[in-house]
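Data from structure27.tsv: TSV, C-alpha atoms
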chain	number	residue	atom	x	y	z
D	1226	MET	CA	-147.26	66.52	1.27
D	1227	LEU	CA	-146.78	63.62	-0.98
D	1228	HIS	CA	-147.63	65.78	-3.93
D	1229	ARG	CA	-145.07	68.42	-3.02
D	1230	ALA	CA	-142.39	65.86	-2.55
D	1231	GLN	CA	-143.00	64.33	-5.93
D	1232	ARG	CA	-143.04	67.72	-7.55
D	1233	GLY	CA	-139.76	68.64	-5.84
D	1234	HIS	CA	-138.24	65.44	-7.06
D	1235	SER	CA	-139.33	66.16	-10.62
D	1236	THR	CA	-137.82	69.62	-10.44
D	1237	VAL	CA	-134.43	68.28	-9.35
D	1238	THR	CA	-134.46	65.67	-12.09
D	1239	ALA	CA	-135.30	68.21	-14.74
D	1240	ARG	CA	-132.57	70.53	-13.57
D	1241	ALA	CA	-130.02	67.79	-13.71
D	1242	ARG	CA	-131.16	66.91	-17.19
D	1243	ASP	CA	-130.89	70.48	-18.32
D	1244	GLU	CA	-127.44	70.88	-16.81
D	1245	GLY	CA	-126.20	67.70	-18.49
D	1246	ILE	CA	-127.49	68.79	-21.87
D	1247	GLY	CA	-125.91	72.16	-21.39
D	1248	ALA	CA	-122.64	70.63	-20.51
D	1249	LEU	CA	-122.74	68.63	-23.67
D	1250	LEU	CA	-123.65	71.65	-25.79
D	1251	ASN	CA	-121.14	73.98	-24.16
D	1252	PRO	CA	-118.29	71.87	-22.80
D	1253	PRO	CA	-115.78	73.66	-20.56
D	1254	PRO	CA	-112.05	73.52	-21.23
D	1255	TYR	CA	-110.50	70.32	-19.80
D	1256	THR	CA	-107.30	68.19	-19.81
D	1257	ILE	CA	-107.36	64.49	-20.72
D	1258	GLU	CA	-105.20	62.40	-18.36
D	1259	MET	CA	-104.03	59.06	-19.99
D	1260	THR	CA	-103.10	56.23	-17.60
D	1261	ILE	CA	-100.91	53.18	-18.71
D	1262	PRO	CA	-102.33	49.97	-17.37
D	1263	ALA	CA	-100.15	48.16	-14.74
D	1264	GLU	CA	-99.60	45.10	-16.98
D	1265	ALA	CA	-98.04	47.28	-19.67
D	1266	LYS	CA	-95.67	48.76	-17.12
D	1267	ARG	CA	-94.61	45.32	-15.96
D	1268	ALA	CA	-93.96	44.18	-19.55
D	1269	SER	CA	-91.84	47.23	-20.20
D	1270	GLY	CA	-89.79	46.52	-17.06
D	1271	ARG	CA	-89.22	42.95	-18.09
D	1272	ARG	CA	-87.97	44.04	-21.51
D	1273	GLY	CA	-85.50	46.42	-19.88
D	1274	ARG	CA	-84.20	43.81	-17.52
D	1275	MET	CA	-83.82	41.30	-20.37
D	1276	LEU	CA	-81.91	43.83	-22.43
D	1277	ARG	CA	-79.57	44.56	-19.55
D	1278	ALA	CA	-79.09	40.81	-18.96
D	1279	VAL	CA	-78.31	40.20	-22.62
D	1280	ILE	CA	-75.79	43.02	-22.59
D	1281	ALA	CA	-74.22	41.66	-19.42
D	1282	ILE	CA	-74.01	38.14	-20.88
D	1283	PHE	CA	-72.46	39.49	-24.06
D	1284	VAL	CA	-69.85	41.36	-22.05
D	1285	VAL	CA	-69.08	38.29	-19.94
D	1286	VAL	CA	-68.83	36.08	-23.03
D	1287	ALA	CA	-66.55	38.60	-24.69
D	1288	LEU	CA	-64.37	38.76	-21.61
D	1289	LEU	CA	-64.27	34.96	-21.34
D	1290	ALA	CA	-63.40	34.68	-25.00
D	1291	ALA	CA	-60.60	37.19	-24.55
D	1292	VAL	CA	-59.33	35.33	-21.49
D	1293	LEU	CA	-59.57	32.01	-23.35
D	1294	VAL	CA	-57.64	33.37	-26.31
D	1295	ALA	CA	-55.04	34.83	-23.99
D	1296	THR	CA	-54.82	31.57	-22.03
D	1297	ILE	CA	-54.43	29.50	-25.19
D	1298	GLY	CA	-51.74	31.85	-26.38
D	1299	ALA	CA	-49.97	31.71	-23.03
D	1300	LEU	CA	-50.15	27.90	-22.91
D	1301	ASN	CA	-48.90	27.59	-26.48
D	1302	SER	CA	-45.95	29.79	-25.60
D	1303	THR	CA	-45.14	27.92	-22.38
D	1304	VAL	CA	-46.57	24.48	-21.60
D	1305	TYR	CA	-47.34	23.61	-25.21
D	1306	SER	CA	-44.28	25.29	-26.69
D	1307	ALA	CA	-41.21	23.56	-28.07
D	1308	GLY	CA	-39.37	24.24	-24.82
D	1309	GLY	CA	-42.38	23.17	-22.75
D	1310	PHE	CA	-42.55	19.85	-24.57
D	1311	ALA	CA	-38.83	19.16	-24.14
D	1312	ARG	CA	-39.07	20.14	-20.49
D	1313	GLN	CA	-41.72	17.45	-19.96
D	1314	TYR	CA	-39.07	14.89	-20.91
D	1315	LEU	CA	-36.45	16.37	-18.59
D	1316	ASP	CA	-38.90	16.77	-15.71
D	1317	ALA	CA	-39.93	13.12	-16.10
D	1318	LEU	CA	-36.29	12.03	-15.81
D	1319	ALA	CA	-35.78	14.29	-12.81
D	1320	ARG	CA	-38.59	12.59	-10.90
D	1321	GLY	CA	-37.70	9.10	-12.13
D	1322	ASP	CA	-40.79	8.71	-14.31
D	1323	THR	CA	-39.22	6.68	-17.09
D	1324	VAL	CA	-42.61	5.48	-18.36
D	1325	GLY	CA	-43.75	9.08	-18.82
D	1326	ALA	CA	-40.50	10.05	-20.52
D	1327	LEU	CA	-40.67	7.16	-22.99
D	1328	ALA	CA	-44.33	7.91	-23.78
D	1329	LEU	CA	-43.48	11.26	-25.37
D	1330	GLY	CA	-43.44	11.43	-29.16
D	1331	GLY	CA	-40.13	10.74	-30.87
D	1332	VAL	CA	-38.24	9.61	-27.75
D	1333	MET	CA	-37.47	6.14	-29.10
D	1334	PRO	CA	-34.92	6.31	-31.94
D	1335	THR	CA	-36.03	5.29	-35.40
D	1336	THR	CA	-34.51	2.41	-37.32
D	1337	ALA	CA	-32.80	4.92	-39.60
D	1338	GLU	CA	-31.25	6.75	-36.64
D	1339	LEU	CA	-29.87	3.51	-35.23
D	1340	ALA	CA	-28.66	2.24	-38.60
D	1341	ALA	CA	-26.64	5.42	-39.04
D	1342	LEU	CA	-24.61	4.51	-35.93
D	1343	ASN	CA	-23.13	1.36	-37.55
D	1344	LEU	CA	-23.61	-0.68	-34.41
D	1345	GLU	CA	-22.08	-4.09	-33.89
D	1346	GLN	CA	-25.37	-5.82	-33.10
D	1347	ALA	CA	-26.72	-8.02	-35.86
D	1348	THR	CA	-29.80	-5.82	-36.20
D	1349	THR	CA	-30.44	-2.40	-34.73
D	1350	GLY	CA	-33.89	-3.44	-33.63
D	1351	GLU	CA	-32.30	-5.74	-31.04
D	1352	LEU	CA	-30.75	-3.00	-28.93
D	1353	PRO	CA	-31.49	-3.87	-25.31
D	1354	LYS	CA	-33.58	-1.45	-23.24
D	1355	THR	CA	-32.08	-2.68	-19.98
D	1356	LEU	CA	-30.77	0.77	-19.02
D	1357	LEU	CA	-34.13	2.50	-19.62
D	1358	ARG	CA	-35.10	2.17	-15.96
D	1359	ALA	CA	-35.37	4.58	-13.06
D	1360	SER	CA	-32.70	2.83	-10.99
D	1361	VAL	CA	-29.88	4.01	-13.28
D	1362	LEU	CA	-30.89	7.69	-13.29
D	1363	ASP	CA	-28.46	9.89	-11.40
D	1364	GLY	CA	-29.60	13.18	-9.88
D	1365	LEU	CA	-31.00	15.51	-12.57
D	1366	SER	CA	-32.16	18.82	-11.06
D	1367	GLY	CA	-32.19	22.62	-11.55
D	1368	ILE	CA	-33.65	22.43	-15.06
D	1369	GLU	CA	-33.76	25.81	-16.83
D	1370	LEU	CA	-34.52	26.70	-20.45
D	1371	THR	CA	-31.78	28.96	-21.83
D	1372	SER	CA	-32.65	29.23	-25.53
D	1373	ASP	CA	-35.30	28.27	-28.08
D	1374	THR	CA	-34.21	28.67	-31.68
D	1375	PRO	CA	-36.60	27.93	-34.55
D	1376	THR	CA	-35.02	26.59	-37.72
D	1377	GLY	CA	-36.16	26.34	-41.32
D	1378	ASP	CA	-39.82	27.28	-41.64
D	1379	GLY	CA	-40.25	27.47	-37.88
D	1380	THR	CA	-41.73	24.01	-37.46
D	1381	THR	CA	-38.48	22.70	-35.97
D	1382	HIS	CA	-36.90	24.15	-32.83
D	1383	THR	CA	-33.60	23.61	-31.09
D	1384	VAL	CA	-34.02	24.15	-27.36
D	1385	VAL	CA	-31.14	24.27	-24.90
D	1386	PHE	CA	-31.49	23.53	-21.20
D	1387	ASP	CA	-29.07	24.03	-18.34
D	1388	PHE	CA	-29.29	21.67	-15.38
D	1389	ASP	CA	-27.34	20.02	-12.60
D	1390	LEU	CA	-26.23	16.39	-12.89
D	1391	ASN	CA	-25.40	15.18	-9.41
D	1392	GLY	CA	-23.42	18.29	-8.58
D	1393	THR	CA	-22.03	18.99	-12.05
D	1394	ALA	CA	-23.37	21.90	-14.11
D	1395	SER	CA	-24.30	20.64	-17.58
D	1396	SER	CA	-26.44	21.50	-20.59
D	1397	MET	CA	-28.11	19.69	-23.48
D	1398	ALA	CA	-29.61	20.72	-26.81
D	1399	LEU	CA	-32.81	18.97	-27.90
D	1400	THR	CA	-34.45	19.15	-31.32
D	1401	VAL	CA	-38.26	19.08	-31.54
D	1402	GLU	CA	-40.75	19.56	-34.34
D	1403	ARG	CA	-44.44	20.40	-34.68
D	1404	ALA	CA	-46.76	17.41	-34.77
D	1405	GLY	CA	-50.08	19.15	-35.48
D	1406	THR	CA	-52.48	20.26	-32.77
D	1407	PHE	CA	-54.79	18.65	-30.27
D	1408	GLY	CA	-58.09	20.06	-29.18
D	1409	GLY	CA	-57.87	22.19	-32.29
D	1410	VAL	CA	-56.03	24.91	-30.38
D	1411	PHE	CA	-52.96	23.56	-28.61
D	1412	ASP	CA	-49.67	22.90	-30.41
D	1413	ALA	CA	-48.45	19.30	-30.42
D	1414	TRP	CA	-44.72	18.47	-30.58
D	1415	SER	CA	-42.45	15.51	-31.11
D	1416	PHE	CA	-38.70	14.98	-30.94
D	1417	ALA	CA	-37.22	15.42	-34.39
D	1418	VAL	CA	-34.09	13.62	-33.11
D	1419	SER	CA	-34.40	11.05	-30.36
D	1420	PRO	CA	-32.94	12.37	-27.09
D	1421	LEU	CA	-31.84	8.85	-26.10
D	1422	ALA	CA	-28.20	7.88	-26.15
D	1423	VAL	CA	-26.70	4.60	-27.27
D	1424	LEU	CA	-23.89	3.38	-25.01
D	1425	GLN	CA	-21.39	1.18	-26.83
D	1426	VAL	CA	-19.78	-0.61	-23.89
D	1427	SER	CA	-16.54	-2.50	-24.49
D	1428	VAL	CA	-15.39	-4.71	-21.63
D	1429	LEU	CA	-11.76	-5.59	-22.07
D	1430	HIS	CA	-10.75	-9.09	-20.90
D	1431	GLU	CA	-14.18	-9.78	-19.44
D	1432	ARG	CA	-17.87	-10.03	-20.29
D	1433	THR	CA	-19.65	-8.42	-17.35
D	1434	PHE	CA	-19.74	-4.86	-16.05
D	1435	THR	CA	-21.65	-2.75	-13.56
D	1436	VAL	CA	-23.27	0.59	-14.44
D	1437	ASN	CA	-24.87	2.74	-11.74
D	1438	GLY	CA	-25.22	-0.33	-9.56
D	1439	LEU	CA	-26.73	-2.58	-12.25
D	1440	THR	CA	-24.62	-5.59	-13.36
D	1441	LEU	CA	-24.96	-6.68	-17.00
D	1442	ASP	CA	-23.44	-9.39	-19.18
D	1443	THR	CA	-22.49	-8.27	-22.67
D	1444	ARG	CA	-22.79	-11.83	-23.98
D	1445	ALA	CA	-26.48	-11.88	-23.06
D	1446	HIS	CA	-27.22	-9.92	-26.23
D	1447	ALA	CA	-24.78	-11.61	-28.59
D	1448	VAL	CA	-25.98	-13.75	-31.46
D	1449	THR	CA	-26.38	-17.43	-30.65
D	1450	ASP	CA	-23.35	-18.67	-32.57
D	1451	ALA	CA	-21.04	-15.81	-31.60
D	1452	PRO	CA	-17.55	-17.15	-30.80
D	1453	ALA	CA	-16.14	-16.71	-27.33
D	1454	THR	CA	-13.79	-13.75	-27.18
D	1455	PHE	CA	-11.30	-12.39	-24.66
D	1456	SER	CA	-12.95	-8.97	-24.76
D	1457	THR	CA	-16.63	-8.28	-25.40
D	1458	SER	CA	-18.90	-5.38	-26.26
D	1459	ALA	CA	-22.58	-4.52	-26.52
D	1460	ALA	CA	-24.73	-1.47	-27.25
D	1461	TYR	CA	-27.54	-0.31	-24.98
D	1462	LEU	CA	-30.22	2.35	-25.26
D	1463	ALA	CA	-29.83	4.84	-22.42
D	1464	PHE	CA	-31.37	8.07	-21.18
D	1465	ALA	CA	-29.68	11.39	-21.83
D	1466	PRO	CA	-28.93	13.54	-19.99
D	1467	ASN	CA	-27.54	11.33	-17.28
D	1468	ARG	CA	-24.28	10.37	-15.61
D	1469	TYR	CA	-23.19	6.74	-15.83
D	1470	THR	CA	-20.51	5.19	-13.63
D	1471	PHE	CA	-18.98	1.99	-15.00
D	1472	GLU	CA	-16.88	-0.54	-13.15
D	1473	HIS	CA	-16.06	-4.21	-12.88
D	1474	SER	CA	-15.29	-6.17	-9.75
D	1475	SER	CA	-15.05	-9.95	-9.60
D	1476	THR	CA	-12.98	-12.51	-7.76
D	1477	MET	CA	-10.10	-12.35	-10.21
D	1478	LEU	CA	-10.51	-9.07	-12.11
D	1479	SER	CA	-11.11	-5.44	-11.24
D	1480	ALA	CA	-11.56	-2.26	-13.26
D	1481	LYS	CA	-11.27	1.34	-12.19
D	1482	LYS	CA	-14.48	3.30	-12.01
D	1483	THR	CA	-15.20	5.35	-15.10
D	1484	SER	CA	-17.84	8.10	-14.95
D	1485	VAL	CA	-19.34	9.36	-18.19
D	1486	THR	CA	-21.67	12.36	-18.39
D	1487	VAL	CA	-23.96	11.85	-21.38
D	1488	THR	CA	-25.58	15.06	-22.62
D	1489	THR	CA	-26.00	14.25	-26.30
D	1490	SER	CA	-28.10	11.75	-28.18
D	1491	GLY	CA	-26.50	9.17	-30.43
D	1492	LEU	CA	-23.45	7.01	-29.75
D	1493	THR	CA	-21.23	7.25	-26.68
D	1494	ALA	CA	-18.35	4.78	-26.46
D	1495	VAL	CA	-17.28	3.45	-23.07
D	1496	GLU	CA	-14.30	1.20	-22.34
D	1497	ILE	CA	-13.92	-0.86	-19.17
D	1498	ASP	CA	-10.47	-2.34	-18.63
D	1499	ALA	CA	-10.77	-5.37	-16.36
D	1500	LEU	CA	-7.32	-6.39	-15.12
D	1501	PRO	CA	-5.99	-9.08	-12.80
D	1502	ASN	CA	-6.33	-8.11	-9.16
D	1503	ASP	CA	-4.22	-9.14	-6.18
D	1504	VAL	CA	-6.27	-12.31	-5.68
D	1505	MET	CA	-5.62	-13.48	-9.23
D	1506	ILE	CA	-1.91	-12.61	-9.08
D	1507	ALA	CA	-1.56	-14.48	-5.81
D	1508	GLN	CA	-3.37	-17.53	-7.15
D	1509	VAL	CA	-1.28	-17.65	-10.33
D	1510	GLN	CA	1.87	-17.24	-8.25
D	1511	SER	CA	0.77	-20.06	-5.98
D	1512	GLU	CA	0.03	-22.36	-8.91
D	1513	LEU	CA	3.35	-21.52	-10.53
D	1514	ASN	CA	5.29	-22.15	-7.33
D	1515	LYS	CA	3.48	-25.45	-6.86
D	1516	PHE	CA	4.41	-26.52	-10.37
D	1517	LEU	CA	8.06	-25.65	-9.83
D	1518	ASP	CA	8.10	-27.45	-6.51
D	1519	GLU	CA	6.76	-30.56	-8.22
D	1520	CYS	CA	9.52	-30.23	-10.79
D	1521	ALA	CA	12.06	-30.00	-7.99
D	1522	ILE	CA	11.13	-33.36	-6.51
D	1523	GLN	CA	12.22	-35.15	-9.66
D	1524	THR	CA	15.58	-36.80	-8.98
D	1525	VAL	CA	16.92	-36.45	-12.49
D	1526	LEU	CA	19.22	-33.98	-14.16
D	1527	GLN	CA	16.54	-32.94	-16.66
D	1528	PRO	CA	13.14	-32.81	-14.86
D	1529	THR	CA	10.39	-33.72	-17.30
D	1530	SER	CA	8.31	-30.80	-18.68
D	1531	CYS	CA	10.16	-28.39	-16.43
D	1532	PRO	CA	11.87	-25.14	-17.43
D	1533	TRP	CA	15.38	-26.11	-16.27
D	1534	GLY	CA	17.87	-28.92	-16.32
D	1535	ILE	CA	21.61	-29.59	-16.30
D	1536	THR	CA	24.02	-31.70	-18.32
D	1537	ILE	CA	26.94	-33.38	-16.51
D	1538	ASP	CA	29.52	-35.34	-18.49
D	1539	ASP	CA	30.94	-37.14	-15.43
D	1540	ARG	CA	29.43	-40.11	-13.63
D	1541	ILE	CA	26.57	-39.32	-11.24
D	1542	GLU	CA	26.86	-40.84	-7.80
D	1543	GLY	CA	23.51	-41.05	-6.06
D	1544	LEU	CA	20.44	-39.02	-6.90
D	1545	PRO	CA	20.44	-35.30	-7.68
D	1546	ALA	CA	18.49	-33.10	-5.32
D	1547	TRP	CA	16.76	-30.02	-6.70
D	1548	SER	CA	15.30	-27.00	-4.89
D	1549	ILE	CA	13.97	-23.63	-5.95
D	1550	THR	CA	15.95	-20.68	-4.69
D	1551	GLY	CA	14.20	-18.04	-6.78
D	1552	TYR	CA	10.64	-18.26	-8.01
D	1553	PRO	CA	9.71	-16.12	-11.06
D	1554	VAL	CA	7.64	-13.17	-9.90
D	1555	VAL	CA	4.25	-13.17	-11.61
D	1556	GLU	CA	3.27	-10.02	-13.48
D	1557	LEU	CA	0.36	-10.24	-15.91
D	1558	THR	CA	-0.40	-8.03	-18.87
D	1559	ALA	CA	-3.28	-8.31	-21.29
D	1560	GLY	CA	-2.65	-10.04	-24.59
D	1561	GLU	CA	-4.95	-10.70	-27.52
D	1562	ARG	CA	-6.57	-13.81	-26.06
D	1563	SER	CA	-5.28	-14.10	-22.50
D	1564	PHE	CA	-3.26	-12.50	-19.76
D	1565	GLU	CA	0.43	-13.06	-20.29
D	1566	MET	CA	3.46	-13.38	-18.07
D	1567	VAL	CA	6.44	-12.83	-20.34
D	1568	ALA	CA	9.58	-14.96	-19.91
D	1569	THR	CA	10.65	-14.25	-16.36
D	1570	ALA	CA	13.81	-15.30	-14.59
D	1571	GLY	CA	13.86	-17.91	-11.85
D	1572	GLN	CA	16.52	-20.00	-10.19
D	1573	ALA	CA	16.78	-23.64	-9.25
D	1574	HIS	CA	19.56	-25.26	-7.21
D	1575	ILE	CA	21.10	-28.72	-7.56
D	1576	VAL	CA	23.15	-30.83	-5.19
D	1577	VAL	CA	24.61	-34.06	-6.61
D	1578	GLU	CA	27.68	-36.26	-6.11
D	1579	VAL	CA	29.81	-36.56	-9.26
D	1580	GLN	CA	32.80	-38.83	-10.02
D	1581	SER	CA	35.27	-37.56	-12.55
D	1582	LEU	CA	35.75	-39.82	-15.51
D	1583	PHE	CA	39.26	-38.43	-15.92
D	1584	ASP	CA	40.82	-39.17	-12.55
D	1585	GLY	CA	38.04	-40.84	-10.55
D	1586	ASP	CA	37.78	-38.04	-8.01
D	1587	ILE	CA	34.41	-37.64	-6.34
D	1588	ASN	CA	33.09	-34.19	-5.53
D	1589	THR	CA	29.78	-32.49	-4.92
D	1590	ARG	CA	28.14	-30.31	-7.52
D	1591	ASP	CA	26.30	-27.67	-5.47
D	1592	GLU	CA	25.23	-24.81	-7.71
D	1593	ASP	CA	22.42	-22.57	-8.88
D	1594	VAL	CA	20.77	-23.25	-12.22
D	1595	PRO	CA	19.00	-20.17	-13.68
D	1596	PHE	CA	16.00	-20.52	-15.93
D	1597	THR	CA	13.21	-18.45	-17.49
D	1598	MET	CA	9.57	-19.24	-18.05
D	1599	GLY	CA	6.34	-17.58	-19.08
D	1600	LEU	CA	2.67	-18.43	-18.95
D	1601	SER	CA	-0.79	-17.49	-20.23
D	1602	VAL	CA	-3.90	-17.22	-18.06
D	1603	THR	CA	-7.59	-16.95	-18.82
D	1604	VAL	CA	-10.52	-16.74	-16.45
D	1605	GLN	CA	-13.07	-19.40	-17.32
D	1606	PRO	CA	-16.83	-18.72	-17.13
D	1607	SER	CA	-16.90	-20.73	-13.90
D	1608	GLY	CA	-14.38	-18.33	-12.38
D	1609	ALA	CA	-11.53	-20.86	-12.35
D	1610	LEU	CA	-8.16	-20.07	-13.87
D	1611	ALA	CA	-6.80	-21.85	-16.92
D	1612	ILE	CA	-2.99	-21.57	-16.88
D	1613	GLN	CA	-0.81	-22.52	-19.80
D	1614	LEU	CA	2.93	-22.62	-19.13
D	1615	HIS	CA	5.44	-21.78	-21.83

What's the structure tokens form of this structure?
Amino acid sequence: MLHRAQRGHSTVTARARDEGIGALLNPPPYTIEMTIPAEAKRASGRRGRMLRAVIAIFVVVALLAAVLVATIGALNSTVYSAGGFARQYLDALARGDTVGALALGGVMPTTAELAALNLEQATTGELPKTLLRASVLDGLSGIELTSDTPTGDGTTHTVVFDFDLNGTASSMALTVERAGTFGGVFDAWSFAVSPLAVLQVSVLHERTFTVNGLTLDTRAHAVTDAPATFSTSAAYLAFAPNRYTFEHSSTMLSAKKTSVTVTTSGLTAVEIDALPNDVMIAQVQSELNKFLDECAIQTVLQPTSCPWGITIDDRIEGLPAWSITGYPVVELTAGERSFEMVATAGQAHIVVEVQSLFDGDINTRDEDVPFTMGLSVTVQPSGALAIQLH
């Protein structure tokens, strides 16, 4: 049995060998199937995803660049435009941010701009900045750009804004010019003409005044050896646009309120006429009456240093008695150096016994004696009155 099994095994092996050789010698028709390894497929997928990501990034960058360019253009035509720059100044005044307003380029006037105003101060650099404070600003609101006009080569613009100044519709033109760029993309601007005003305040017959609730002394900014004057003046830097209300009120003098709406840069002249008030008139009248009463107690025909007297050729019996029956009424007007009361009529009265030199008769002279007198008055720095009779 073992022999048959081995022989059968040999037969099978031989057949298989013959079939394999035959297959090699006479191969049947067949199709070759090529298979891409898995790693190659994964690499191909990664390349596709990377390409799509690059394309997506490029599109996003392009969109961002377009948005950035559009944003820069929009900002340069609004916030960073000539009108946008000028509006920053007006908005700062509207919210009382004087520090922010003064920080903008070209707000402070140049020496040349001030020199052109021919101011009375010894040097233009000494103009006080007392009014450049938030407390004197007066209700700027409703700011609206109405025009933006380029001039020359386009680097200078005149922009006009409408606004409301404490209930009054107003407008102001501002001139700005290009001042390069910042960040390499945004336009920078500066005021070609300072928007600040210069208030030349003349206080007639006084030295102090009040503007928008702030009391100032014009002599505080005078040169050291400046002579004392009846009227004074001083120039002050001030914000424009703004409304300023000027007045004077002291014990002896008062001035009517004067409101000035300032909507232009440069010089604005203001005059405050401080005149004697009822208190001053009453005090001068009292002093005058007292003087005349003192004259009246003199028991002579010609009271010393007094505005009246009488001459009697007959003999005087006893002492003359004077009284005042009509005091001059004080009315003061402003002169060059003082307040003046022009020659004004008054009336004294005398009673005296007189003996005639002709026949010896004695009779009583009882009569009115008219007179005139004037005076000059100044208010001293202490507030007291200096009265000079004439």

For region 1539-1554 of chain D, work out the shell of residues within 9 Å, counting only C-alpha atoms and skipping chain neighbours fewer than 6 positions away, then give it as a compact mmCIF listing (two decimals) with C-alpha atoms, in the coordinates of the input.
# COMPACT_ATOMS: atom_id res chain seq x y z
CA GLN D 1510 1.87 -17.24 -8.25
CA LEU D 1513 3.35 -21.52 -10.53
CA ASN D 1514 5.29 -22.15 -7.33
CA LEU D 1517 8.06 -25.65 -9.83
CA ASP D 1518 8.10 -27.45 -6.51
CA CYS D 1520 9.52 -30.23 -10.79
CA ALA D 1521 12.06 -30.00 -7.99
CA ILE D 1522 11.13 -33.36 -6.51
CA GLN D 1523 12.22 -35.15 -9.66
CA THR D 1524 15.58 -36.80 -8.98
CA VAL D 1525 16.92 -36.45 -12.49
CA LEU D 1526 19.22 -33.98 -14.16
CA ALA D 1568 9.58 -14.96 -19.91
CA THR D 1569 10.65 -14.25 -16.36
CA ALA D 1570 13.81 -15.30 -14.59
CA GLY D 1571 13.86 -17.91 -11.85
CA GLN D 1572 16.52 -20.00 -10.19
CA ALA D 1573 16.78 -23.64 -9.25
CA HIS D 1574 19.56 -25.26 -7.21
CA ILE D 1575 21.10 -28.72 -7.56
CA VAL D 1576 23.15 -30.83 -5.19
CA VAL D 1577 24.61 -34.06 -6.61
CA GLU D 1578 27.68 -36.26 -6.11
CA VAL D 1579 29.81 -36.56 -9.26
CA GLN D 1580 32.80 -38.83 -10.02
CA SER D 1581 35.27 -37.56 -12.55
CA LEU D 1582 35.75 -39.82 -15.51
CA PHE D 1583 39.26 -38.43 -15.92
CA ILE D 1587 34.41 -37.64 -6.34
CA ASP D 1593 22.42 -22.57 -8.88
CA PRO D 1595 19.00 -20.17 -13.68
CA THR D 1597 13.21 -18.45 -17.49
CA MET D 1598 9.57 -19.24 -18.05
CA GLY D 1599 6.34 -17.58 -19.08

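Residues in contact with Asp1322 (chain D) at 9 Å, where all atoms listed in the file are counted and same-chain residues fewer than 6 positions away are skipped, are listed as Asp1316, Arg1358 and Ala1359 of chain D.
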
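Atom to atom, CA of Arg1267 (chain D) and CA of Ile1280 (chain D) stand 20.1 Å apart.
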
- request: Record the distance separating CA of Thr1335 (chain D) and CA of Ser1490 (chain D), expressed in Å with one decimal.
  value: 12.5 Å

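With distances restricted to only C-alpha atoms, D:Gly1491 is the closest residue to Ala1340 (chain D) from D:Gly1491, D:Leu1614, D:Thr1374, D:His1430.
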
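Put simply, CA of His1615 (chain D) is 12.9 Å away from CA of Phe1564 (chain D).
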
task: List the neighbours of Val1504 (chain D) out to 12 Å using all atoms listed in the file; skip same-chain residues closer than 2 positions along the sequence, and give me the result as JSON, numbers by chain.
output: {"D": [1474, 1475, 1476, 1477, 1478, 1479, 1500, 1501, 1502, 1506, 1507, 1508, 1509, 1510, 1511, 1610]}

Missing atoms in region 1489-1500 of chain D: fill them in up to N, CA and C atoms and send the result as a compact mmCIF listing (two decimals), in the frame of the given file.
# COMPACT_ATOMS: atom_id res chain seq x y z
N THR D 1489 -25.66 14.21 -24.88
CA THR D 1489 -26.00 14.25 -26.30
C THR D 1489 -26.68 12.92 -26.66
N SER D 1490 -27.52 12.98 -27.67
CA SER D 1490 -28.10 11.75 -28.18
C SER D 1490 -27.09 11.07 -29.09
N GLY D 1491 -27.42 9.88 -29.56
CA GLY D 1491 -26.50 9.17 -30.43
C GLY D 1491 -25.52 8.33 -29.64
N LEU D 1492 -24.39 8.01 -30.28
CA LEU D 1492 -23.45 7.01 -29.75
C LEU D 1492 -22.45 7.62 -28.78
N THR D 1493 -22.28 6.94 -27.65
CA THR D 1493 -21.23 7.25 -26.68
C THR D 1493 -20.47 5.96 -26.39
N ALA D 1494 -19.17 5.97 -26.66
CA ALA D 1494 -18.35 4.78 -26.46
C ALA D 1494 -17.76 4.78 -25.06
N VAL D 1495 -17.82 3.62 -24.41
CA VAL D 1495 -17.28 3.45 -23.07
C VAL D 1495 -16.40 2.21 -23.06
N GLU D 1496 -15.23 2.33 -22.42
CA GLU D 1496 -14.30 1.20 -22.34
C GLU D 1496 -14.03 0.88 -20.88
N ILE D 1497 -14.17 -0.40 -20.53
CA ILE D 1497 -13.92 -0.86 -19.17
C ILE D 1497 -12.77 -1.85 -19.22
N ASP D 1498 -11.67 -1.52 -18.56
CA ASP D 1498 -10.47 -2.34 -18.63
C ASP D 1498 -10.36 -3.20 -17.38
N ALA D 1499 -10.82 -4.45 -17.49
CA ALA D 1499 -10.77 -5.37 -16.36
C ALA D 1499 -9.41 -6.06 -16.33
N LEU D 1500 -8.68 -5.87 -15.23
CA LEU D 1500 -7.32 -6.39 -15.12
C LEU D 1500 -7.19 -7.31 -13.92
